[in-house]
Amino acid sequence: MSDVEIRKGLDGVVVDETAISKVMPDINSLTYKGYPVQDLAENCCFEEVAYLLWNGELPSQAQLDEFTKQERSLRAIEDDLLNVMTSLSKDCHPMDSVRTGVSYLGCQDSGHWDNEPGEKSSRALNLLAKIPTMIAADFRTKKGQEVIPPDPSLSFAENFFKMCFGEVPSKEVVKAFDVSLILYAEHSFNASTFTARVITSTMSDIYSAVSGAIGALKGPLHGGANEQVMHMMKEVGDPAKAEEWMLTALKEKRKIMGFGHRVYKKGDSRVPTMKKYAQKMAEVTGQTKWMEMYDNLEKTMVSEKNIHPNLDFPAGPAYHMMGFEIDFFTPIFVMSRITGWSAHIIEQAEENKLIRPLSAYTGPDAREVKAISAR
Ligand code: COA
């Protein structure tokens with residue numbers, strides 16, 4: 001045992017400053033550049049929020065038009081990247097596919113060492129535009145379907161539906177999806193963002209930072225939880241069984257996916273908005289059982305443990321009702337969080353100091369090396 005105080009998991013440790021977002025667990029609030037996230041979700045489209053995170057202000061109509069024009073012009077992927085995405089094993093998790101796609105883009109970009117903020121911004125925009133195309137190509141290939149190219153006449157959210165399903169759904173579905181992207185876009189020093197900042201701090205490139213962040217997001221304690229929520233709901237099967245299922249799972253000391261948070265202990269500020277839109281999905285699709293189950297699971301967890309749902313809890317069933325396969329839920333999170341990651345990558349690079357913490361050694365005391373014949 002060491003005599004220095006160790007905060008496992010950096011729990012409660014403030015490691016740096018950021019001007020991108022503020023998490024306020026005491027008043028259950030999250031702001032992006034000062035704007036409450038629930039107000040952004042109700043009043044803006046995802047593209048406006050991406051612009052805000054990268055430029056510090058919401059865009060004027062002319063600025064938004066220019067931004068969306070650029071994003072739309074960058075959506076198509078070259079044949080070599082498309083071949084990479086469509087030749088991966090059918091068993092490869094879509095998070096591994098998108099991580100590979102981002103890494104491949106880095107291999108093709110010979111100037112990627114360029115550390116100027118402007119260069120990072122243009123690469124971030126390119127990633128924002130191309131990541132959905134890669135994910136949709138993987139989605140279609142895994143289902144044995146022809147890849148559908150991006151459509152520059154459509155919004156970011158509409159285009160993703162078109163590339164996955166061949167058509168744009170109702171405006172209610174598109175809005176619910178857009179809201180989920182806004183809520184997922186940024187969340188200060190979460191594990192994947194911190195990973196991206198650590199990699200950036202070594203003066204490595206944006207593709208390496210984003211690939212590392214995708215790896216961190218994949219884990220079920222972080223972004224992977226939105227997939228696990230849906231697996232759990234399928235395991236429960238019936239809203240009437242939810243209470244009993246939860247009591248048994250808690251007795252068996254299982255981690256209940258979609259509940260709990262390192263920072264929010266009284267509830268996740270993003271949940272009420274996402275729950276409202278998941279409920280709309282239930283109304284639009286007629287699949288009411290998932291939200292009934294949601295309420296029963298939440299009621300039991302809160303009364304037994306006082307642990308509240310996090311954003312992944314409503315996002316999981318919402319994506320399911322929109323028609324996405326479960327293992328594509330976390331890649332959708334990537335499509336959105338690329339905005340927050342790259343804002344942090346640029347912020348880290350602008351005031352960089354190598355991130356290199358200390359550790360308290362607990363291994364054997366110093367000892368003499370003896371040649372093998374003497375051991
Ligand atoms: N299910 C069951 N118990 C939970 C729980 C959950 N989802 N989340 C927290 N707890 C319990 C822990 O078992 C622990 O109990 P103990 O003190 O009796 O050992 C206590 O609450 C504190 O939890 P801890 O794991 O120390 O909190 P943390 O800050 O390290 O963990 C998470 C935060 C997110 C990792 C954790 O809540 C979790 O694993 N949630 C499920 C995964 C998930 O939804 N992740 C997405 C996060 S946005």
# chains A, B, ... in the order shown; residues from 1 in each chain; ligands from 1
$ residues_near_ligand --ligand "ligand 1" --cutoff "10 Å" --atoms "only C-alpha atoms and all ligand atoms" --output "mmCIF file with C-alpha atoms, in the first residue's frame"
data_model
loop_
_atom_site.group_PDB
_atom_site.id
_atom_site.type_symbol
_atom_site.label_atom_id
_atom_site.label_comp_id
_atom_site.auth_asym_id
_atom_site.auth_seq_id
_atom_site.Cartn_x
_atom_site.Cartn_y
_atom_site.Cartn_z
ATOM 1 C CA LYS A 8 -8.743 5.234 -8.801
ATOM 2 C CA GLY A 9 -10.096 6.027 -12.244
ATOM 3 C CA LEU A 10 -9.067 9.677 -11.656
ATOM 4 C CA ASP A 11 -12.359 9.905 -9.752
ATOM 5 C CA GLY A 12 -12.946 13.552 -8.802
ATOM 6 C CA HIS A 187 -19.434 15.735 -22.481
ATOM 7 C CA ASN A 190 -15.185 11.562 -20.448
ATOM 8 C CA ALA A 191 -12.984 8.499 -21.067
ATOM 9 C CA LEU A 217 -15.950 4.563 -26.522
ATOM 10 C CA GLY A 219 -16.334 -0.330 -23.947
ATOM 11 C CA PRO A 220 -19.651 -1.122 -22.195
ATOM 12 C CA LEU A 221 -18.840 1.146 -19.244
ATOM 13 C CA HIS A 222 -18.741 4.047 -21.732
ATOM 14 C CA GLY A 223 -20.504 4.332 -25.129
ATOM 15 C CA GLY A 224 -20.964 0.584 -25.562
ATOM 16 C CA ALA A 225 -23.646 0.788 -22.876
ATOM 17 C CA ASN A 226 -26.292 1.901 -25.410
ATOM 18 C CA GLU A 227 -25.971 -1.497 -27.128
ATOM 19 C CA GLN A 228 -25.975 -3.392 -23.833
ATOM 20 C CA VAL A 229 -29.194 -1.599 -22.780
ATOM 21 C CA MET A 246 -34.189 -6.061 -11.950
ATOM 22 C CA ALA A 249 -30.069 -8.870 -11.320
ATOM 23 C CA LEU A 250 -29.341 -6.614 -8.348
ATOM 24 C CA LYS A 251 -29.290 -9.607 -5.995
ATOM 25 C CA GLU A 252 -26.763 -11.245 -8.323
ATOM 26 C CA LYS A 253 -24.721 -7.969 -8.187
ATOM 27 C CA ARG A 254 -24.972 -7.482 -11.947
ATOM 28 C CA LYS A 255 -24.039 -4.081 -13.430
ATOM 29 C CA ILE A 256 -27.218 -2.722 -14.956
ATOM 30 C CA MET A 257 -26.357 -1.104 -18.249
ATOM 31 C CA GLY A 258 -27.642 2.413 -18.882
ATOM 32 C CA PHE A 259 -27.704 3.253 -15.166
ATOM 33 C CA GLY A 260 -25.228 5.224 -13.090
ATOM 34 C CA HIS A 261 -22.669 7.841 -14.001
ATOM 35 C CA ARG A 262 -19.274 8.908 -12.730
ATOM 36 C CA VAL A 263 -20.292 12.575 -12.523
ATOM 37 C CA TYR A 264 -24.095 12.688 -12.314
ATOM 38 C CA LYS A 265 -25.303 11.066 -9.125
ATOM 39 C CA ASP A 268 -28.190 12.628 -16.172
ATOM 40 C CA MET A 301 -33.573 0.673 -9.862
ATOM 41 C CA LYS A 305 -30.474 1.673 -5.283
ATOM 42 C CA ASN A 306 -31.228 5.333 -5.988
ATOM 43 C CA ILE A 307 -29.184 4.971 -9.197
ATOM 44 C CA HIS A 308 -30.610 6.882 -12.172
ATOM 45 C CA PRO A 309 -30.571 6.205 -15.934
ATOM 46 C CA ASN A 310 -27.873 7.782 -18.121
ATOM 47 C CA LEU A 311 -28.306 8.899 -21.755
ATOM 48 C CA ASP A 312 -27.660 5.383 -23.078
ATOM 49 C CA PHE A 313 -30.830 4.101 -21.410
#
$ atom_distance --atom1 "atom CA of A:Met293" --atom2 "atom CA of A:Glu243"
8.9 Å
$ residues_around --residues "stretch 120-122 of chain A" --least-positions-apart "3" --cutoff "10 Å" --atoms "only C-alpha atoms" --output "JSON list (two decimals) with N, CA, C and O atoms, in the first residue's frame"
[["chain", "number", "residue", "atom", "x", "y", "z"],
["A", 54, "TRP", "N", -17.18, 23.83, -32.68],
["A", 54, "TRP", "CA", -15.91, 24.11, -33.36],
["A", 54, "TRP", "C", -15.59, 25.59, -33.46],
["A", 54, "TRP", "O", -14.44, 25.97, -33.61],
["A", 55, "ASN", "N", -16.64, 26.43, -33.44],
["A", 55, "ASN", "CA", -16.39, 27.86, -33.65],
["A", 55, "ASN", "C", -16.75, 28.73, -32.46],
["A", 55, "ASN", "O", -16.49, 29.93, -32.47],
["A", 70, "GLN", "N", -20.04, 22.61, -47.26],
["A", 70, "GLN", "CA", -18.72, 21.95, -47.18],
["A", 70, "GLN", "C", -18.86, 20.51, -46.70],
["A", 70, "GLN", "O", -18.28, 19.59, -47.27],
["A", 112, "HIS", "N", -0.74, 14.31, -42.53],
["A", 112, "HIS", "CA", -1.46, 14.26, -41.26],
["A", 112, "HIS", "C", -0.64, 14.70, -40.05],
["A", 112, "HIS", "O", -1.18, 14.91, -38.98],
["A", 113, "TRP", "N", 0.67, 14.86, -40.23],
["A", 113, "TRP", "CA", 1.48, 15.32, -39.10],
["A", 113, "TRP", "C", 1.29, 16.81, -38.83],
["A", 113, "TRP", "O", 1.73, 17.33, -37.81],
["A", 114, "ASP", "N", 0.64, 17.48, -39.77],
["A", 114, "ASP", "CA", 0.50, 18.91, -39.65],
["A", 114, "ASP", "C", -0.30, 19.26, -38.40],
["A", 114, "ASP", "O", -1.45, 18.85, -38.25],
["A", 115, "ASN", "N", 0.30, 20.00, -37.49],
["A", 115, "ASN", "CA", -0.35, 20.26, -36.21],
["A", 115, "ASN", "C", -0.98, 21.64, -36.10],
["A", 115, "ASN", "O", -1.42, 22.04, -35.04],
["A", 116, "GLU", "N", -1.06, 22.36, -37.24],
["A", 116, "GLU", "CA", -1.72, 23.67, -37.21],
["A", 116, "GLU", "C", -3.21, 23.47, -36.90],
["A", 116, "GLU", "O", -3.84, 22.57, -37.46],
["A", 117, "PRO", "N", -3.81, 24.32, -36.02],
["A", 117, "PRO", "CA", -5.23, 24.15, -35.70],
["A", 117, "PRO", "C", -6.12, 24.14, -36.94],
["A", 117, "PRO", "O", -7.07, 23.37, -37.03],
["A", 125, "LEU", "N", -13.62, 18.18, -40.09],
["A", 125, "LEU", "CA", -14.80, 18.29, -40.95],
["A", 125, "LEU", "C", -14.87, 17.11, -41.92],
["A", 125, "LEU", "O", -15.94, 16.53, -42.17],
["A", 126, "ASN", "N", -13.72, 16.72, -42.44],
["A", 126, "ASN", "CA", -13.67, 15.58, -43.35],
["A", 126, "ASN", "C", -14.11, 14.30, -42.63],
["A", 126, "ASN", "O", -14.87, 13.49, -43.18],
["A", 127, "LEU", "N", -13.68, 14.14, -41.38],
["A", 127, "LEU", "CA", -14.08, 12.95, -40.60],
["A", 127, "LEU", "C", -15.58, 13.00, -40.31],
["A", 127, "LEU", "O", -16.28, 11.98, -40.44],
["A", 128, "LEU", "N", -16.08, 14.17, -39.91],
["A", 128, "LEU", "CA", -17.52, 14.31, -39.64],
["A", 128, "LEU", "C", -18.33, 13.89, -40.87],
["A", 128, "LEU", "O", -19.33, 13.19, -40.74],
["A", 205, "ASP", "N", -1.19, 12.59, -34.40],
["A", 205, "ASP", "CA", -2.12, 13.18, -35.36],
["A", 205, "ASP", "C", -3.58, 12.93, -34.97],
["A", 205, "ASP", "O", -3.88, 12.09, -34.13],
["A", 206, "ILE", "N", -4.49, 13.65, -35.64],
["A", 206, "ILE", "CA", -5.92, 13.59, -35.32],
["A", 206, "ILE", "C", -6.51, 12.19, -35.58],
["A", 206, "ILE", "O", -7.37, 11.72, -34.85],
["A", 207, "TYR", "N", -6.02, 11.50, -36.62],
["A", 207, "TYR", "CA", -6.57, 10.16, -36.91],
["A", 207, "TYR", "C", -6.22, 9.18, -35.79],
["A", 207, "TYR", "O", -7.04, 8.34, -35.41],
["A", 342, "SER", "N", -13.02, 16.28, -31.63],
["A", 342, "SER", "CA", -12.10, 17.14, -32.38],
["A", 342, "SER", "C", -12.00, 18.54, -31.76],
["A", 342, "SER", "O", -10.93, 19.15, -31.81],
["A", 343, "ALA", "N", -13.08, 19.01, -31.14],
["A", 343, "ALA", "CA", -12.97, 20.30, -30.42],
["A", 343, "ALA", "C", -11.90, 20.17, -29.32],
["A", 343, "ALA", "O", -11.08, 21.08, -29.11],
["A", 345, "ILE", "N", -9.42, 17.93, -29.23],
["A", 345, "ILE", "CA", -8.11, 17.71, -29.84],
["A", 345, "ILE", "C", -7.48, 19.07, -30.19],
["A", 345, "ILE", "O", -6.30, 19.31, -29.92],
["A", 346, "ILE", "N", -8.30, 19.96, -30.75],
["A", 346, "ILE", "CA", -7.79, 21.29, -31.12],
["A", 346, "ILE", "C", -7.44, 22.09, -29.86],
["A", 346, "ILE", "O", -6.38, 22.72, -29.78],
["A", 349, "ALA", "N", -4.22, 20.75, -28.41],
["A", 349, "ALA", "CA", -3.05, 21.10, -29.23],
["A", 349, "ALA", "C", -2.66, 22.57, -29.07],
["A", 349, "ALA", "O", -1.48, 22.92, -29.12]]
$ atom_distance --atom1 "atom CA of A:Tyr51" --atom2 "atom CA of A:Asp39"
15.7 Å
$ residues_around --residues "A:Phe156" --least-positions-apart "2" --cutoff "8 Å" --atoms "only C-alpha atoms" --output "list in words"
Phe46, Glu47, Arg72, Leu154, Glu158, Asn159 and Phe160 of chain A
$ decode --residues "stretch 23-58 of chain A" --atoms "N, CA and C atoms" --output "PDB file, in the first residue's frame"
ATOM      1  N   VAL A  23     -20.221  20.450 -17.235  1.00  0.00           N
ATOM      2  CA  VAL A  23     -21.144  19.500 -16.602  1.00  0.00           C
ATOM      3  C   VAL A  23     -21.382  20.005 -15.189  1.00  0.00           C
ATOM      4  N   MET A  24     -22.662  20.211 -14.845  1.00  0.00           N
ATOM      5  CA  MET A  24     -22.990  20.723 -13.505  1.00  0.00           C
ATOM      6  C   MET A  24     -23.930  19.744 -12.817  1.00  0.00           C
ATOM      7  N   PRO A  25     -23.364  18.712 -12.180  1.00  0.00           N
ATOM      8  CA  PRO A  25     -24.219  17.671 -11.604  1.00  0.00           C
ATOM      9  C   PRO A  25     -25.139  18.181 -10.501  1.00  0.00           C
ATOM     10  N   ASP A  26     -24.707  19.234  -9.783  1.00  0.00           N
ATOM     11  CA  ASP A  26     -25.536  19.727  -8.673  1.00  0.00           C
ATOM     12  C   ASP A  26     -26.863  20.300  -9.143  1.00  0.00           C
ATOM     13  N   ILE A  27     -26.822  20.967 -10.299  1.00  0.00           N
ATOM     14  CA  ILE A  27     -28.086  21.537 -10.813  1.00  0.00           C
ATOM     15  C   ILE A  27     -28.557  20.755 -12.037  1.00  0.00           C
ATOM     16  N   ASN A  28     -27.983  19.558 -12.213  1.00  0.00           N
ATOM     17  CA  ASN A  28     -28.376  18.658 -13.297  1.00  0.00           C
ATOM     18  C   ASN A  28     -28.391  19.379 -14.647  1.00  0.00           C
ATOM     19  N   SER A  29     -27.253  19.967 -14.985  1.00  0.00           N
ATOM     20  CA  SER A  29     -27.202  20.737 -16.222  1.00  0.00           C
ATOM     21  C   SER A  29     -25.908  20.464 -16.991  1.00  0.00           C
ATOM     22  N   LEU A  30     -26.026  20.532 -18.303  1.00  0.00           N
ATOM     23  CA  LEU A  30     -24.870  20.422 -19.202  1.00  0.00           C
ATOM     24  C   LEU A  30     -24.991  21.531 -20.224  1.00  0.00           C
ATOM     25  N   THR A  31     -23.929  22.315 -20.377  1.00  0.00           N
ATOM     26  CA  THR A  31     -23.960  23.363 -21.403  1.00  0.00           C
ATOM     27  C   THR A  31     -22.817  23.142 -22.392  1.00  0.00           C
ATOM     28  N   TYR A  32     -23.098  23.446 -23.663  1.00  0.00           N
ATOM     29  CA  TYR A  32     -22.059  23.488 -24.692  1.00  0.00           C
ATOM     30  C   TYR A  32     -21.793  24.972 -24.961  1.00  0.00           C
ATOM     31  N   LYS A  33     -20.602  25.431 -24.708  1.00  0.00           N
ATOM     32  CA  LYS A  33     -20.255  26.844 -24.930  1.00  0.00           C
ATOM     33  C   LYS A  33     -21.296  27.759 -24.267  1.00  0.00           C
ATOM     34  N   GLY A  34     -21.814  27.346 -23.129  1.00  0.00           N
ATOM     35  CA  GLY A  34     -22.751  28.169 -22.377  1.00  0.00           C
ATOM     36  C   GLY A  34     -24.228  27.894 -22.660  1.00  0.00           C
ATOM     37  N   TYR A  35     -24.535  27.172 -23.729  1.00  0.00           N
ATOM     38  CA  TYR A  35     -25.940  26.906 -24.057  1.00  0.00           C
ATOM     39  C   TYR A  35     -26.399  25.583 -23.440  1.00  0.00           C
ATOM     40  N   PRO A  36     -27.538  25.584 -22.708  1.00  0.00           N
ATOM     41  CA  PRO A  36     -28.051  24.315 -22.162  1.00  0.00           C
ATOM     42  C   PRO A  36     -28.333  23.316 -23.288  1.00  0.00           C
ATOM     43  N   VAL A  37     -27.882  22.084 -23.091  1.00  0.00           N
ATOM     44  CA  VAL A  37     -27.955  21.094 -24.167  1.00  0.00           C
ATOM     45  C   VAL A  37     -29.397  20.788 -24.551  1.00  0.00           C
ATOM     46  N   GLN A  38     -30.316  20.830 -23.557  1.00  0.00           N
ATOM     47  CA  GLN A  38     -31.714  20.514 -23.888  1.00  0.00           C
ATOM     48  C   GLN A  38     -32.316  21.606 -24.772  1.00  0.00           C
ATOM     49  N   ASP A  39     -31.845  22.864 -24.620  1.00  0.00           N
ATOM     50  CA  ASP A  39     -32.349  23.942 -25.485  1.00  0.00           C
ATOM     51  C   ASP A  39     -31.768  23.812 -26.895  1.00  0.00           C
ATOM     52  N   LEU A  40     -30.498  23.410 -26.962  1.00  0.00           N
ATOM     53  CA  LEU A  40     -29.902  23.179 -28.288  1.00  0.00           C
ATOM     54  C   LEU A  40     -30.672  22.063 -29.001  1.00  0.00           C
ATOM     55  N   ALA A  41     -30.987  20.999 -28.244  1.00  0.00           N
ATOM     56  CA  ALA A  41     -31.674  19.844 -28.850  1.00  0.00           C
ATOM     57  C   ALA A  41     -33.049  20.240 -29.393  1.00  0.00           C
ATOM     58  N   GLU A  42     -33.750  21.113 -28.679  1.00  0.00           N
ATOM     59  CA  GLU A  42     -35.105  21.481 -29.118  1.00  0.00           C
ATOM     60  C   GLU A  42     -35.086  22.504 -30.248  1.00  0.00           C
ATOM     61  N   ASN A  43     -34.063  23.353 -30.276  1.00  0.00           N
ATOM     62  CA  ASN A  43     -34.109  24.514 -31.184  1.00  0.00           C
ATOM     63  C   ASN A  43     -33.135  24.488 -32.348  1.00  0.00           C
ATOM     64  N   CYS A  44     -32.210  23.554 -32.343  1.00  0.00           N
ATOM     65  CA  CYS A  44     -31.167  23.564 -33.385  1.00  0.00           C
ATOM     66  C   CYS A  44     -31.112  22.217 -34.093  1.00  0.00           C
ATOM     67  N   CYS A  45     -30.429  22.217 -35.244  1.00  0.00           N
ATOM     68  CA  CYS A  45     -30.124  20.935 -35.885  1.00  0.00           C
ATOM     69  C   CYS A  45     -28.687  20.556 -35.491  1.00  0.00           C
ATOM     70  N   PHE A  46     -28.350  19.271 -35.719  1.00  0.00           N
ATOM     71  CA  PHE A  46     -27.032  18.789 -35.316  1.00  0.00           C
ATOM     72  C   PHE A  46     -25.907  19.601 -35.960  1.00  0.00           C
ATOM     73  N   GLU A  47     -26.080  19.985 -37.218  1.00  0.00           N
ATOM     74  CA  GLU A  47     -25.023  20.728 -37.908  1.00  0.00           C
ATOM     75  C   GLU A  47     -24.732  22.063 -37.196  1.00  0.00           C
ATOM     76  N   GLU A  48     -25.790  22.718 -36.688  1.00  0.00           N
ATOM     77  CA  GLU A  48     -25.569  23.988 -35.965  1.00  0.00           C
ATOM     78  C   GLU A  48     -24.743  23.739 -34.701  1.00  0.00           C
ATOM     79  N   VAL A  49     -25.022  22.606 -34.047  1.00  0.00           N
ATOM     80  CA  VAL A  49     -24.306  22.294 -32.805  1.00  0.00           C
ATOM     81  C   VAL A  49     -22.844  21.942 -33.113  1.00  0.00           C
ATOM     82  N   ALA A  50     -22.614  21.235 -34.212  1.00  0.00           N
ATOM     83  CA  ALA A  50     -21.235  20.934 -34.620  1.00  0.00           C
ATOM     84  C   ALA A  50     -20.481  22.250 -34.854  1.00  0.00           C
ATOM     85  N   TYR A  51     -21.147  23.174 -35.553  1.00  0.00           N
ATOM     86  CA  TYR A  51     -20.536  24.488 -35.824  1.00  0.00           C
ATOM     87  C   TYR A  51     -20.221  25.200 -34.509  1.00  0.00           C
ATOM     88  N   LEU A  52     -21.179  25.152 -33.571  1.00  0.00           N
ATOM     89  CA  LEU A  52     -20.989  25.803 -32.262  1.00  0.00           C
ATOM     90  C   LEU A  52     -19.767  25.236 -31.543  1.00  0.00           C
ATOM     91  N   LEU A  53     -19.657  23.917 -31.508  1.00  0.00           N
ATOM     92  CA  LEU A  53     -18.549  23.290 -30.761  1.00  0.00           C
ATOM     93  C   LEU A  53     -17.196  23.646 -31.375  1.00  0.00           C
ATOM     94  N   TRP A  54     -17.179  23.832 -32.678  1.00  0.00           N
ATOM     95  CA  TRP A  54     -15.907  24.108 -33.356  1.00  0.00           C
ATOM     96  C   TRP A  54     -15.589  25.593 -33.464  1.00  0.00           C
ATOM     97  N   ASN A  55     -16.644  26.433 -33.435  1.00  0.00           N
ATOM     98  CA  ASN A  55     -16.395  27.864 -33.650  1.00  0.00           C
ATOM     99  C   ASN A  55     -16.747  28.735 -32.456  1.00  0.00           C
ATOM    100  N   GLY A  56     -17.370  28.153 -31.452  1.00  0.00           N
ATOM    101  CA  GLY A  56     -17.649  28.901 -30.222  1.00  0.00           C
ATOM    102  C   GLY A  56     -18.959  29.661 -30.230  1.00  0.00           C
ATOM    103  N   GLU A  57     -19.579  29.861 -31.414  1.00  0.00           N
ATOM    104  CA  GLU A  57     -20.850  30.577 -31.511  1.00  0.00           C
ATOM    105  C   GLU A  57     -21.787  29.804 -32.428  1.00  0.00           C
ATOM    106  N   LEU A  58     -23.094  29.972 -32.202  1.00  0.00           N
ATOM    107  CA  LEU A  58     -24.053  29.391 -33.141  1.00  0.00           C
ATOM    108  C   LEU A  58     -23.950  30.133 -34.475  1.00  0.00           C
TER     109      LEU A  58
END
